[in-house]
Amino acid sequence: MTRIAGIAGNRGRNLRRIADREPGGATLAVVLAADPDAPALDAAAERGIPTEVVERNGDESDAAHERRLLDRLDEYDVDLVCLDGYMRVLTSEFIEDAPLAFNVHPSLLPAFPGKDAHEQVLDAGVSVTGCTVHVVTETVDGGPIVTQEAVPVHGDDDPDSLKRRVLTEAEFAAYPRAVRWFAEDRLAIEGEGDDRRVRVEGDTGGAGGGDGDDEASDDTGSAFPSRRMTSTERAAELRYGENPHQAAAMYADRTTDAASVVDADQVNEGAKGLSYNNYNDTDAALGLVREFDEPAAAVIKHTNPAGCATADDLATAYDRALATDPMSAFGGIVALNRECDAATAEEIVESFKEVVIAPGYTDDALSVLTAEENLRVLDTDGFGPEAGRFVEKPITGGRLVQERDTQVLSPDGLEVVTEREPTDAQIESMCFAWQVIKHVKSNAIVFADGTQTSGIGMGQVSRVDAVRLAAMKADEHAEGTSAAGSVMASDAFFPFPDGIEAAAEAGIEAVVQPGGSVNDDDVIAAADDLGVAMAFTGQRAFRHD
């Protein structure tokens, strides 16, 4: 276990952070201060950390005072010294005799060293600052850099506001990181004199360093960089968030070239702007229609598909997508993967929709759509490159990052496991339904009739309930299609035969699912008894948000 000695000048807020987080299992063995009234001492005592006061006598030299500091350090058998607000240049004797020492400076060194860093930053007019954790040497803020963290400088910043943000957004991240690397024995100081550099084992870019890189991983075997820095700009303040009592804004990532709701032009500028929910739902709709090469349309409600279809022409695709659940589609989001023509536009405006997004519109289509006062019409001006490789979700205290689900199911990827073989038409429906189910909240079930959805069961905690919901939607809400004769897709395996039994009762004739349950044999036997064809994909398609 790494033992740390903290030397504080005043409040020692970074030392408190390190004590509370114990990065890499490192613990504060002692906190020292020259000022007996330093708040850092009280904070350490509250945490049960020993404290030492080494006051400096009025005529005492730096070397003599540091000798007494070293004597106190010797009593605690520490591996690392962390300075926090200790505003003195240490002598060579201390540096040579003490363990390795870190300090944190409130700027991105080598810019703005010394005192009054925040004032220097503001005077220089730079747009980015941050902090630097470095190895302590005899040179003021000149030791080898261990790590840095950046923060923006805003136009209304003053030294106090900048100081607060650099502390909480930069120092609180960078200092524990440096300690963790040390505790994990990942730091190596290479070179001599002014050419010394810190090397961090495993501090790699991942996947070649690019979001769209096709490489599977970097030379460490990880597809993900060890650290991520993102910069987004506030593009709009929204009327409210998911609910009227929540404030909200939309931030734009200007490095993304793929078609997106963020960069789409709202062609009817007089209509009201997009809401938080509109952005979220339209992004989901756009992601679904991108799955298909054929003309495709999707209607989305609360990020779930109310219906999706492909056809030889866009108007037919939209008509079939709407037919899945026209009641739920009311007030929904429409996404198209082709230029919207007048025939499709006429279909769209027959019932109320919030947003339509497409990679272009004919003039006649625009005339139809923009005549609707409350319909927002978004033009992505083509689809551009594929969406980025990674997707992320913020959670309290961090972010989850994963690769985008780009799986595409083909007939060759199916393993037929039942006595009854699916027909070619059913295989086509299986592949279509699998591309749709990737965009349905788990537990998810999709019924498909040809290349149109006929019933969708989403977001259920029971897979059997998801089947029953899809069957109810197909039989009570769908127009021109039904569960009978449809193909069913499931985003994960059936743990018991009851899901297949419920599907067969609804009239399902073929099933596609991942397989992999310990009860697969029982599920297959049930399908055989019921005369249902079934194929396994070997991969699931969960979507939890």
# chains A, B, ... in the order shown; residues from 1 in each chain; ligands from 1
>>> closest_atom_pairs(of="stretch 320-432 of chain A", to="stretch 219-238 of chain A", cutoff="10 Å", atoms="only C-alpha atoms", output="Markdown table")
| residue | atom | partner | partner_atom | distance |
| --- | --- | --- | --- | --- |
| A:Phe390 | CA | A:Phe224 | CA | 9.4 |
| A:Val401 | CA | A:Phe224 | CA | 8.6 |
| A:Gln402 | CA | A:Phe224 | CA | 8.7 |
| A:Glu403 | CA | A:Ala223 | CA | 8.8 |
>>> write_last_selection(atoms="all heavy atoms", output="JSON list (two decimals), in the first residue's frame")
[["chain", "number", "residue", "atom", "x", "y", "z"],
["A", 390, "PHE", "N", -18.19, 5.07, -31.29],
["A", 390, "PHE", "CA", -18.54, 4.91, -29.89],
["A", 390, "PHE", "C", -19.80, 5.68, -29.53],
["A", 390, "PHE", "O", -20.09, 6.73, -30.11],
["A", 390, "PHE", "CB", -17.39, 5.37, -28.98],
["A", 390, "PHE", "CG", -16.12, 4.59, -29.18],
["A", 390, "PHE", "CD1", -15.02, 5.18, -29.76],
["A", 390, "PHE", "CD2", -16.04, 3.27, -28.79],
["A", 390, "PHE", "CE1", -13.85, 4.47, -29.95],
["A", 390, "PHE", "CE2", -14.88, 2.54, -28.97],
["A", 390, "PHE", "CZ", -13.78, 3.14, -29.55],
["A", 401, "VAL", "N", -18.96, 4.18, -21.84],
["A", 401, "VAL", "CA", -18.63, 4.30, -23.26],
["A", 401, "VAL", "C", -18.58, 2.89, -23.85],
["A", 401, "VAL", "O", -17.96, 1.99, -23.27],
["A", 401, "VAL", "CB", -17.28, 5.01, -23.47],
["A", 401, "VAL", "CG1", -16.97, 5.12, -24.96],
["A", 401, "VAL", "CG2", -17.29, 6.39, -22.82],
["A", 402, "GLN", "N", -19.22, 2.71, -24.98],
["A", 402, "GLN", "CA", -19.19, 1.41, -25.64],
["A", 402, "GLN", "C", -19.17, 1.61, -27.15],
["A", 402, "GLN", "O", -19.49, 2.70, -27.66],
["A", 402, "GLN", "CB", -20.39, 0.56, -25.26],
["A", 402, "GLN", "CG", -21.73, 1.11, -25.73],
["A", 402, "GLN", "CD", -22.89, 0.18, -25.48],
["A", 402, "GLN", "OE1", -22.71, -1.02, -25.23],
["A", 402, "GLN", "NE2", -24.12, 0.69, -25.54],
["A", 403, "GLU", "N", -18.80, 0.56, -27.86],
["A", 403, "GLU", "CA", -18.88, 0.59, -29.31],
["A", 403, "GLU", "C", -20.35, 0.60, -29.75],
["A", 403, "GLU", "O", -21.20, -0.01, -29.11],
["A", 403, "GLU", "CB", -18.17, -0.63, -29.90],
["A", 403, "GLU", "CG", -16.67, -0.60, -29.75],
["A", 403, "GLU", "CD", -16.01, -1.77, -30.43],
["A", 403, "GLU", "OE1", -16.52, -2.90, -30.30],
["A", 403, "GLU", "OE2", -14.97, -1.57, -31.07]]
>>> select_by_dssp(residues="stretch 270-350 of chain A", states="helix (DSSP H, G or I)", output="short mmCIF file (atom, residue, chain, number, x, y, z; two decimals) with all heavy atoms, in the first residue's frame")
data_model
loop_
_atom_site.label_atom_id
_atom_site.label_comp_id
_atom_site.auth_asym_id
_atom_site.auth_seq_id
_atom_site.Cartn_x
_atom_site.Cartn_y
_atom_site.Cartn_z
N TYR A 276 -36.11 19.19 -25.64
CA TYR A 276 -35.19 18.13 -25.18
C TYR A 276 -35.67 16.77 -25.68
O TYR A 276 -34.90 15.98 -26.23
CB TYR A 276 -35.15 18.16 -23.65
CG TYR A 276 -34.23 17.13 -23.00
CD1 TYR A 276 -32.96 17.49 -22.56
CD2 TYR A 276 -34.65 15.82 -22.82
CE1 TYR A 276 -32.13 16.55 -21.96
CE2 TYR A 276 -33.83 14.88 -22.22
CZ TYR A 276 -32.57 15.25 -21.79
OH TYR A 276 -31.75 14.32 -21.20
N ASN A 277 -36.95 16.49 -25.49
CA ASN A 277 -37.49 15.20 -25.92
C ASN A 277 -37.46 15.06 -27.43
O ASN A 277 -37.24 13.96 -27.96
CB ASN A 277 -38.92 15.03 -25.40
CG ASN A 277 -38.96 14.90 -23.89
OD1 ASN A 277 -38.03 14.41 -23.28
ND2 ASN A 277 -40.05 15.37 -23.29
N ASN A 278 -37.70 16.16 -28.15
CA ASN A 278 -37.63 16.12 -29.61
C ASN A 278 -36.24 15.72 -30.08
O ASN A 278 -36.09 14.88 -30.99
CB ASN A 278 -37.98 17.47 -30.22
CG ASN A 278 -39.43 17.86 -30.05
OD1 ASN A 278 -39.76 19.04 -30.07
ND2 ASN A 278 -40.32 16.89 -29.88
N TYR A 279 -35.21 16.32 -29.49
CA TYR A 279 -33.84 15.96 -29.87
C TYR A 279 -33.59 14.48 -29.62
O TYR A 279 -33.03 13.77 -30.47
CB TYR A 279 -32.83 16.79 -29.07
CG TYR A 279 -32.51 18.13 -29.68
CD1 TYR A 279 -32.95 19.31 -29.09
CD2 TYR A 279 -31.74 18.23 -30.84
CE1 TYR A 279 -32.65 20.55 -29.64
CE2 TYR A 279 -31.44 19.46 -31.41
CZ TYR A 279 -31.90 20.62 -30.80
OH TYR A 279 -31.60 21.83 -31.35
N ASN A 280 -33.99 14.02 -28.45
CA ASN A 280 -33.72 12.63 -28.08
C ASN A 280 -34.44 11.66 -29.00
O ASN A 280 -33.86 10.69 -29.51
CB ASN A 280 -34.16 12.43 -26.62
CG ASN A 280 -33.46 11.26 -25.95
OD1 ASN A 280 -32.35 10.88 -26.31
ND2 ASN A 280 -34.11 10.70 -24.97
N ASP A 281 -35.72 11.93 -29.25
CA ASP A 281 -36.51 11.02 -30.09
C ASP A 281 -36.06 11.08 -31.56
O ASP A 281 -36.03 10.04 -32.24
CB ASP A 281 -37.99 11.38 -30.00
CG ASP A 281 -38.59 11.09 -28.64
OD1 ASP A 281 -37.97 10.33 -27.88
OD2 ASP A 281 -39.67 11.62 -28.33
N THR A 282 -35.73 12.25 -32.04
CA THR A 282 -35.32 12.38 -33.43
C THR A 282 -33.98 11.70 -33.67
O THR A 282 -33.75 11.08 -34.72
CB THR A 282 -35.25 13.86 -33.85
OG1 THR A 282 -36.49 14.49 -33.54
CG2 THR A 282 -34.98 14.01 -35.33
N ASP A 283 -33.09 11.78 -32.71
CA ASP A 283 -31.82 11.06 -32.81
C ASP A 283 -32.07 9.56 -32.91
O ASP A 283 -31.45 8.86 -33.71
CB ASP A 283 -30.94 11.38 -31.61
CG ASP A 283 -29.63 10.61 -31.62
OD1 ASP A 283 -28.79 10.87 -32.49
OD2 ASP A 283 -29.45 9.73 -30.75
N ALA A 284 -32.99 9.04 -32.10
CA ALA A 284 -33.33 7.62 -32.15
C ALA A 284 -33.93 7.24 -33.50
O ALA A 284 -33.61 6.19 -34.06
CB ALA A 284 -34.30 7.28 -31.02
N ALA A 285 -34.80 8.09 -34.03
CA ALA A 285 -35.43 7.80 -35.31
C ALA A 285 -34.41 7.77 -36.44
O ALA A 285 -34.44 6.90 -37.31
CB ALA A 285 -36.51 8.84 -35.60
N LEU A 286 -33.51 8.74 -36.42
CA LEU A 286 -32.48 8.81 -37.46
C LEU A 286 -31.58 7.57 -37.40
O LEU A 286 -31.20 7.01 -38.44
CB LEU A 286 -31.66 10.09 -37.28
CG LEU A 286 -30.72 10.50 -38.40
CD1 LEU A 286 -31.49 10.69 -39.70
CD2 LEU A 286 -29.98 11.78 -38.02
N GLY A 287 -31.24 7.14 -36.20
CA GLY A 287 -30.41 5.95 -36.07
C GLY A 287 -31.06 4.72 -36.63
O GLY A 287 -30.39 3.85 -37.20
N LEU A 288 -32.38 4.61 -36.51
CA LEU A 288 -33.07 3.43 -37.02
C LEU A 288 -33.09 3.40 -38.54
O LEU A 288 -32.76 2.37 -39.15
CB LEU A 288 -34.49 3.39 -36.45
CG LEU A 288 -35.41 2.27 -36.96
CD1 LEU A 288 -34.74 0.91 -36.85
CD2 LEU A 288 -36.73 2.29 -36.20
N VAL A 289 -33.46 4.48 -39.20
CA VAL A 289 -33.57 4.43 -40.66
C VAL A 289 -32.20 4.33 -41.33
O VAL A 289 -32.10 3.89 -42.49
CB VAL A 289 -34.35 5.62 -41.23
CG1 VAL A 289 -35.79 5.59 -40.76
CG2 VAL A 289 -33.69 6.95 -40.89
N LEU A 314 -40.65 5.38 -50.97
CA LEU A 314 -40.68 5.95 -49.63
C LEU A 314 -42.11 6.08 -49.10
O LEU A 314 -42.36 5.83 -47.92
CB LEU A 314 -40.00 7.32 -49.65
CG LEU A 314 -39.55 7.88 -48.30
CD1 LEU A 314 -38.55 6.96 -47.63
CD2 LEU A 314 -38.94 9.27 -48.50
N ALA A 315 -43.04 6.47 -49.93
CA ALA A 315 -44.41 6.65 -49.47
C ALA A 315 -44.99 5.34 -48.96
O ALA A 315 -45.68 5.31 -47.93
CB ALA A 315 -45.28 7.21 -50.60
N THR A 316 -44.70 4.25 -49.67
CA THR A 316 -45.19 2.94 -49.21
C THR A 316 -44.52 2.54 -47.90
O THR A 316 -45.17 2.01 -46.99
CB THR A 316 -44.93 1.87 -50.28
OG1 THR A 316 -45.57 2.25 -51.50
CG2 THR A 316 -45.44 0.51 -49.84
N ALA A 317 -43.23 2.80 -47.80
CA ALA A 317 -42.51 2.49 -46.56
C ALA A 317 -43.13 3.25 -45.39
O ALA A 317 -43.35 2.67 -44.31
CB ALA A 317 -41.03 2.83 -46.70
N TYR A 318 -43.42 4.54 -45.58
CA TYR A 318 -44.01 5.31 -44.49
C TYR A 318 -45.41 4.78 -44.15
O TYR A 318 -45.76 4.63 -42.97
CB TYR A 318 -44.10 6.80 -44.84
CG TYR A 318 -44.87 7.55 -43.78
CD1 TYR A 318 -44.27 7.85 -42.56
CD2 TYR A 318 -46.20 7.89 -43.97
CE1 TYR A 318 -44.99 8.48 -41.55
CE2 TYR A 318 -46.92 8.53 -42.98
CZ TYR A 318 -46.31 8.82 -41.77
OH TYR A 318 -47.03 9.44 -40.78
N ASP A 319 -46.21 4.50 -45.17
CA ASP A 319 -47.58 4.02 -44.93
C ASP A 319 -47.54 2.73 -44.12
O ASP A 319 -48.35 2.54 -43.19
CB ASP A 319 -48.26 3.79 -46.28
CG ASP A 319 -49.70 3.31 -46.11
OD1 ASP A 319 -50.51 4.08 -45.55
OD2 ASP A 319 -50.00 2.18 -46.52
N ARG A 320 -46.59 1.83 -44.43
CA ARG A 320 -46.50 0.57 -43.70
C ARG A 320 -45.96 0.77 -42.28
O ARG A 320 -46.39 0.08 -41.34
CB ARG A 320 -45.62 -0.40 -44.49
CG ARG A 320 -46.26 -0.88 -45.78
CD ARG A 320 -45.32 -1.76 -46.59
NE ARG A 320 -45.98 -2.27 -47.80
CZ ARG A 320 -45.36 -2.96 -48.75
NH1 ARG A 320 -44.05 -3.22 -48.64
NH2 ARG A 320 -46.02 -3.37 -49.81
N ALA A 321 -45.00 1.68 -42.12
CA ALA A 321 -44.48 1.96 -40.78
C ALA A 321 -45.59 2.52 -39.89
O ALA A 321 -45.75 2.10 -38.74
CB ALA A 321 -43.32 2.94 -40.86
N LEU A 322 -46.38 3.43 -40.43
CA LEU A 322 -47.47 4.03 -39.66
C LEU A 322 -48.51 2.99 -39.30
O LEU A 322 -49.11 3.04 -38.21
CB LEU A 322 -48.10 5.16 -40.47
CG LEU A 322 -49.25 5.92 -39.79
CD1 LEU A 322 -48.73 6.72 -38.60
CD2 LEU A 322 -49.95 6.83 -40.79
N ALA A 323 -48.74 2.05 -40.20
CA ALA A 323 -49.80 1.06 -40.00
C ALA A 323 -49.54 0.14 -38.82
O ALA A 323 -50.46 -0.49 -38.31
CB ALA A 323 -49.97 0.21 -41.28
N PRO A 326 -50.82 3.18 -35.55
CA PRO A 326 -51.15 4.58 -35.83
C PRO A 326 -51.61 5.35 -34.59
O PRO A 326 -51.41 6.56 -34.52
CB PRO A 326 -52.27 4.49 -36.88
CG PRO A 326 -52.76 3.09 -36.83
CD PRO A 326 -51.63 2.25 -36.35
N MET A 327 -52.19 4.67 -33.61
CA MET A 327 -52.61 5.36 -32.40
C MET A 327 -51.39 5.88 -31.63
O MET A 327 -51.34 7.05 -31.23
CB MET A 327 -53.43 4.42 -31.50
CG MET A 327 -53.95 5.10 -30.23
SD MET A 327 -54.99 4.02 -29.22
CE MET A 327 -53.75 2.90 -28.56
N SER A 328 -50.39 5.03 -31.44
CA SER A 328 -49.19 5.45 -30.72
C SER A 328 -48.37 6.44 -31.52
O SER A 328 -47.61 7.23 -30.95
CB SER A 328 -48.33 4.23 -30.37
OG SER A 328 -49.01 3.37 -29.49
N ALA A 329 -48.48 6.39 -32.84
CA ALA A 329 -47.69 7.28 -33.69
C ALA A 329 -48.13 8.74 -33.60
O ALA A 329 -47.40 9.64 -34.02
CB ALA A 329 -47.77 6.83 -35.14
N ALA A 342 -43.46 14.49 -52.49
CA ALA A 342 -44.77 15.03 -52.15
C ALA A 342 -45.72 13.94 -51.67
O ALA A 342 -46.52 14.15 -50.74
CB ALA A 342 -45.36 15.76 -53.36
N ALA A 343 -45.65 12.75 -52.30
CA ALA A 343 -46.55 11.67 -51.91
C ALA A 343 -46.33 11.27 -50.46
O ALA A 343 -47.28 11.05 -49.70
CB ALA A 343 -46.36 10.47 -52.83
N THR A 344 -45.07 11.18 -50.06
CA THR A 344 -44.76 10.84 -48.67
C THR A 344 -45.19 11.96 -47.73
O THR A 344 -45.74 11.72 -46.65
CB THR A 344 -43.26 10.56 -48.50
OG1 THR A 344 -42.85 9.56 -49.46
CG2 THR A 344 -42.94 10.05 -47.11
N ALA A 345 -44.93 13.19 -48.13
CA ALA A 345 -45.31 14.33 -47.30
C ALA A 345 -46.81 14.35 -47.06
O ALA A 345 -47.28 14.64 -45.94
CB ALA A 345 -44.85 15.63 -47.96
N GLU A 346 -47.61 14.08 -48.09
CA GLU A 346 -49.05 14.06 -47.94
C GLU A 346 -49.48 13.01 -46.92
O GLU A 346 -50.40 13.22 -46.13
CB GLU A 346 -49.72 13.78 -49.29
CG GLU A 346 -49.55 14.87 -50.33
CD GLU A 346 -50.46 16.07 -50.08
OE1 GLU A 346 -51.21 16.05 -49.08
OE2 GLU A 346 -50.42 17.01 -50.90
N GLU A 347 -48.80 11.85 -46.93
CA GLU A 347 -49.11 10.80 -45.94
C GLU A 347 -48.77 11.27 -44.53
O GLU A 347 -49.52 11.04 -43.58
CB GLU A 347 -48.31 9.54 -46.28
CG GLU A 347 -48.69 8.86 -47.57
CD GLU A 347 -49.85 7.91 -47.39
OE1 GLU A 347 -50.34 7.75 -46.25
OE2 GLU A 347 -50.30 7.34 -48.41
N ILE A 348 -47.63 11.94 -44.37
CA ILE A 348 -47.17 12.35 -43.05
C ILE A 348 -48.14 13.32 -42.38
O ILE A 348 -48.44 13.20 -41.19
CB ILE A 348 -45.75 12.96 -43.14
CG1 ILE A 348 -44.74 11.88 -43.51
CG2 ILE A 348 -45.35 13.64 -41.83
CD1 ILE A 348 -43.36 12.41 -43.85
#
>>> select_by_dssp(residues="stretch 136-293 of chain A", states="strand (DSSP E or B)", output="list of chain:residue names")
A:Ile145, A:Val146, A:Thr147, A:Gln148, A:Glu149, A:Ala150, A:Val151, A:Pro152, A:Leu187, A:Ala188, A:Ile189, A:Glu190, A:Arg197, A:Val198, A:Arg199, A:Val200, A:Glu233, A:Arg234, A:Ala235, A:Ala236, A:Glu237, A:Ala249, A:Met250, A:Tyr251, A:Ala252, A:Asp265, A:Gln266
>>> write_last_selection(atoms="N, CA and C atoms", output="JSON list (two decimals), in the first residue's frame")
[["chain", "number", "residue", "atom", "x", "y", "z"],
["A", 145, "ILE", "N", 6.44, 16.85, -16.08],
["A", 145, "ILE", "CA", 4.97, 16.83, -15.98],
["A", 145, "ILE", "C", 4.47, 15.40, -15.89],
["A", 146, "VAL", "N", 3.61, 15.17, -14.88],
["A", 146, "VAL", "CA", 3.00, 13.86, -14.70],
["A", 146, "VAL", "C", 1.68, 13.78, -15.46],
["A", 147, "THR", "N", 0.81, 14.78, -15.27],
["A", 147, "THR", "CA", -0.47, 14.80, -15.98],
["A", 147, "THR", "C", -1.03, 16.21, -15.92],
["A", 148, "GLN", "N", -1.97, 16.48, -16.83],
["A", 148, "GLN", "CA", -2.62, 17.78, -16.89],
["A", 148, "GLN", "C", -4.11, 17.59, -17.13],
["A", 149, "GLU", "N", -4.86, 18.62, -16.80],
["A", 149, "GLU", "CA", -6.31, 18.62, -17.04],
["A", 149, "GLU", "C", -6.71, 20.02, -17.47],
["A", 150, "ALA", "N", -7.50, 20.11, -18.53],
["A", 150, "ALA", "CA", -7.87, 21.41, -19.10],
["A", 150, "ALA", "C", -9.27, 21.82, -18.69],
["A", 151, "VAL", "N", -9.49, 23.14, -18.59],
["A", 151, "VAL", "CA", -10.83, 23.70, -18.41],
["A", 151, "VAL", "C", -10.93, 24.94, -19.28],
["A", 152, "PRO", "N", -12.12, 25.29, -19.73],
["A", 152, "PRO", "CA", -12.28, 26.50, -20.56],
["A", 152, "PRO", "C", -12.18, 27.76, -19.71],
["A", 187, "LEU", "N", 4.47, 4.75, -13.18],
["A", 187, "LEU", "CA", 5.27, 5.92, -13.54],
["A", 187, "LEU", "C", 6.75, 5.58, -13.64],
["A", 188, "ALA", "N", 7.37, 6.13, -14.66],
["A", 188, "ALA", "CA", 8.82, 6.02, -14.80],
["A", 188, "ALA", "C", 9.35, 7.37, -15.24],
["A", 189, "ILE", "N", 10.40, 7.86, -14.55],
["A", 189, "ILE", "CA", 11.04, 9.13, -14.92],
["A", 189, "ILE", "C", 12.27, 8.80, -15.74],
["A", 190, "GLU", "N", 12.28, 9.25, -16.96],
["A", 190, "GLU", "CA", 13.36, 8.92, -17.90],
["A", 190, "GLU", "C", 14.15, 10.16, -18.26],
["A", 197, "ARG", "N", 11.64, 13.22, -18.46],
["A", 197, "ARG", "CA", 10.23, 13.10, -18.82],
["A", 197, "ARG", "C", 9.60, 11.98, -18.00],
["A", 198, "VAL", "N", 8.32, 12.12, -17.74],
["A", 198, "VAL", "CA", 7.57, 11.08, -17.06],
["A", 198, "VAL", "C", 6.87, 10.22, -18.10],
["A", 199, "ARG", "N", 7.07, 8.93, -18.02],
["A", 199, "ARG", "CA", 6.35, 7.99, -18.89],
["A", 199, "ARG", "C", 5.35, 7.22, -18.03],
["A", 200, "VAL", "N", 4.14, 7.08, -18.55],
["A", 200, "VAL", "CA", 3.07, 6.39, -17.84],
["A", 200, "VAL", "C", 2.73, 5.11, -18.59],
["A", 233, "GLU", "N", -19.89, 22.62, -27.44],
["A", 233, "GLU", "CA", -20.32, 24.01, -27.33],
["A", 233, "GLU", "C", -21.83, 24.07, -27.13],
["A", 234, "ARG", "N", -22.26, 24.95, -26.25],
["A", 234, "ARG", "CA", -23.70, 25.11, -26.07],
["A", 234, "ARG", "C", -24.28, 25.71, -27.35],
["A", 235, "ALA", "N", -25.13, 24.92, -28.00],
["A", 235, "ALA", "CA", -25.72, 25.35, -29.26],
["A", 235, "ALA", "C", -27.11, 25.93, -29.07],
["A", 236, "ALA", "N", -27.79, 25.54, -28.00],
["A", 236, "ALA", "CA", -29.14, 26.06, -27.78],
["A", 236, "ALA", "C", -29.54, 25.85, -26.33],
["A", 237, "GLU", "N", -30.22, 26.84, -25.79],
["A", 237, "GLU", "CA", -30.91, 26.65, -24.52],
["A", 237, "GLU", "C", -32.34, 26.28, -24.85],
["A", 249, "ALA", "N", -30.30, 22.31, -21.95],
["A", 249, "ALA", "CA", -29.57, 22.92, -23.07],
["A", 249, "ALA", "C", -29.07, 21.80, -23.97],
["A", 250, "MET", "N", -28.74, 22.15, -25.20],
["A", 250, "MET", "CA", -28.16, 21.20, -26.15],
["A", 250, "MET", "C", -26.74, 21.65, -26.47],
["A", 251, "TYR", "N", -25.78, 20.75, -26.31],
["A", 251, "TYR", "CA", -24.39, 21.02, -26.62],
["A", 251, "TYR", "C", -23.99, 20.27, -27.88],
["A", 252, "ALA", "N", -23.24, 20.92, -28.73],
["A", 252, "ALA", "CA", -22.88, 20.35, -30.04],
["A", 252, "ALA", "C", -21.43, 19.92, -30.06],
["A", 265, "ASP", "N", -30.73, 21.30, -40.53],
["A", 265, "ASP", "CA", -31.35, 22.62, -40.68],
["A", 265, "ASP", "C", -32.86, 22.49, -40.49],
["A", 266, "GLN", "N", -33.43, 23.38, -39.66],
["A", 266, "GLN", "CA", -34.88, 23.43, -39.54],
["A", 266, "GLN", "C", -35.38, 24.37, -40.63]]
>>> residues_around(residues="A:Asp379", least_positions_apart="6", cutoff="7 Å", atoms="only C-alpha atoms", output="ChimeraX atom specification")
/A:264-267,357-360
>>> write_last_selection(atoms="all heavy atoms", output="PDB file, in the first residue's frame")
ATOM      1  N   ALA A 264     -28.816  19.309 -38.291  1.00  0.00           N
ATOM      2  CA  ALA A 264     -29.853  19.406 -39.320  1.00  0.00           C
ATOM      3  C   ALA A 264     -30.445  20.818 -39.338  1.00  0.00           C
ATOM      4  O   ALA A 264     -30.623  21.447 -38.299  1.00  0.00           O
ATOM      5  CB  ALA A 264     -30.953  18.379 -39.047  1.00  0.00           C
ATOM      6  N   ASP A 265     -30.726  21.299 -40.533  1.00  0.00           N
ATOM      7  CA  ASP A 265     -31.351  22.618 -40.682  1.00  0.00           C
ATOM      8  C   ASP A 265     -32.862  22.490 -40.485  1.00  0.00           C
ATOM      9  O   ASP A 265     -33.507  21.614 -41.074  1.00  0.00           O
ATOM     10  CB  ASP A 265     -31.082  23.186 -42.079  1.00  0.00           C
ATOM     11  CG  ASP A 265     -29.615  23.536 -42.278  1.00  0.00           C
ATOM     12  OD1 ASP A 265     -28.964  23.952 -41.301  1.00  0.00           O
ATOM     13  OD2 ASP A 265     -29.129  23.379 -43.416  1.00  0.00           O
ATOM     14  N   GLN A 266     -33.426  23.376 -39.665  1.00  0.00           N
ATOM     15  CA  GLN A 266     -34.878  23.434 -39.539  1.00  0.00           C
ATOM     16  C   GLN A 266     -35.379  24.366 -40.627  1.00  0.00           C
ATOM     17  O   GLN A 266     -35.201  25.575 -40.561  1.00  0.00           O
ATOM     18  CB  GLN A 266     -35.288  23.932 -38.143  1.00  0.00           C
ATOM     19  CG  GLN A 266     -36.785  23.882 -37.930  1.00  0.00           C
ATOM     20  CD  GLN A 266     -37.183  24.101 -36.479  1.00  0.00           C
ATOM     21  OE1 GLN A 266     -36.469  23.686 -35.575  1.00  0.00           O
ATOM     22  NE2 GLN A 266     -38.316  24.742 -36.263  1.00  0.00           N
ATOM     23  N   VAL A 267     -35.992  23.780 -41.653  1.00  0.00           N
ATOM     24  CA  VAL A 267     -36.299  24.557 -42.852  1.00  0.00           C
ATOM     25  C   VAL A 267     -37.502  25.472 -42.662  1.00  0.00           C
ATOM     26  O   VAL A 267     -37.640  26.465 -43.371  1.00  0.00           O
ATOM     27  CB  VAL A 267     -36.501  23.631 -44.068  1.00  0.00           C
ATOM     28  CG1 VAL A 267     -35.238  22.860 -44.375  1.00  0.00           C
ATOM     29  CG2 VAL A 267     -37.661  22.675 -43.844  1.00  0.00           C
ATOM     30  N   ILE A 357     -37.635  14.250 -40.163  1.00  0.00           N
ATOM     31  CA  ILE A 357     -36.231  14.459 -40.525  1.00  0.00           C
ATOM     32  C   ILE A 357     -35.905  13.566 -41.707  1.00  0.00           C
ATOM     33  O   ILE A 357     -36.301  12.397 -41.752  1.00  0.00           O
ATOM     34  CB  ILE A 357     -35.285  14.179 -39.336  1.00  0.00           C
ATOM     35  CG1 ILE A 357     -33.851  14.589 -39.676  1.00  0.00           C
ATOM     36  CG2 ILE A 357     -35.360  12.733 -38.859  1.00  0.00           C
ATOM     37  CD1 ILE A 357     -32.916  14.639 -38.471  1.00  0.00           C
ATOM     38  N   ALA A 358     -35.216  14.137 -42.692  1.00  0.00           N
ATOM     39  CA  ALA A 358     -34.892  13.412 -43.919  1.00  0.00           C
ATOM     40  C   ALA A 358     -33.647  14.036 -44.540  1.00  0.00           C
ATOM     41  O   ALA A 358     -33.296  15.182 -44.237  1.00  0.00           O
ATOM     42  CB  ALA A 358     -36.056  13.474 -44.908  1.00  0.00           C
ATOM     43  N   PRO A 359     -32.981  13.290 -45.429  1.00  0.00           N
ATOM     44  CA  PRO A 359     -31.784  13.830 -46.091  1.00  0.00           C
ATOM     45  C   PRO A 359     -32.117  14.681 -47.310  1.00  0.00           C
ATOM     46  O   PRO A 359     -31.430  14.626 -48.331  1.00  0.00           O
ATOM     47  CB  PRO A 359     -31.016  12.566 -46.472  1.00  0.00           C
ATOM     48  CG  PRO A 359     -32.071  11.542 -46.715  1.00  0.00           C
ATOM     49  CD  PRO A 359     -33.159  11.851 -45.730  1.00  0.00           C
ATOM     50  N   GLY A 360     -33.182  15.454 -47.241  1.00  0.00           N
ATOM     51  CA  GLY A 360     -33.575  16.318 -48.345  1.00  0.00           C
ATOM     52  C   GLY A 360     -35.065  16.247 -48.610  1.00  0.00           C
ATOM     53  O   GLY A 360     -35.749  15.302 -48.179  1.00  0.00           O
TER      54      GLY A 360
END
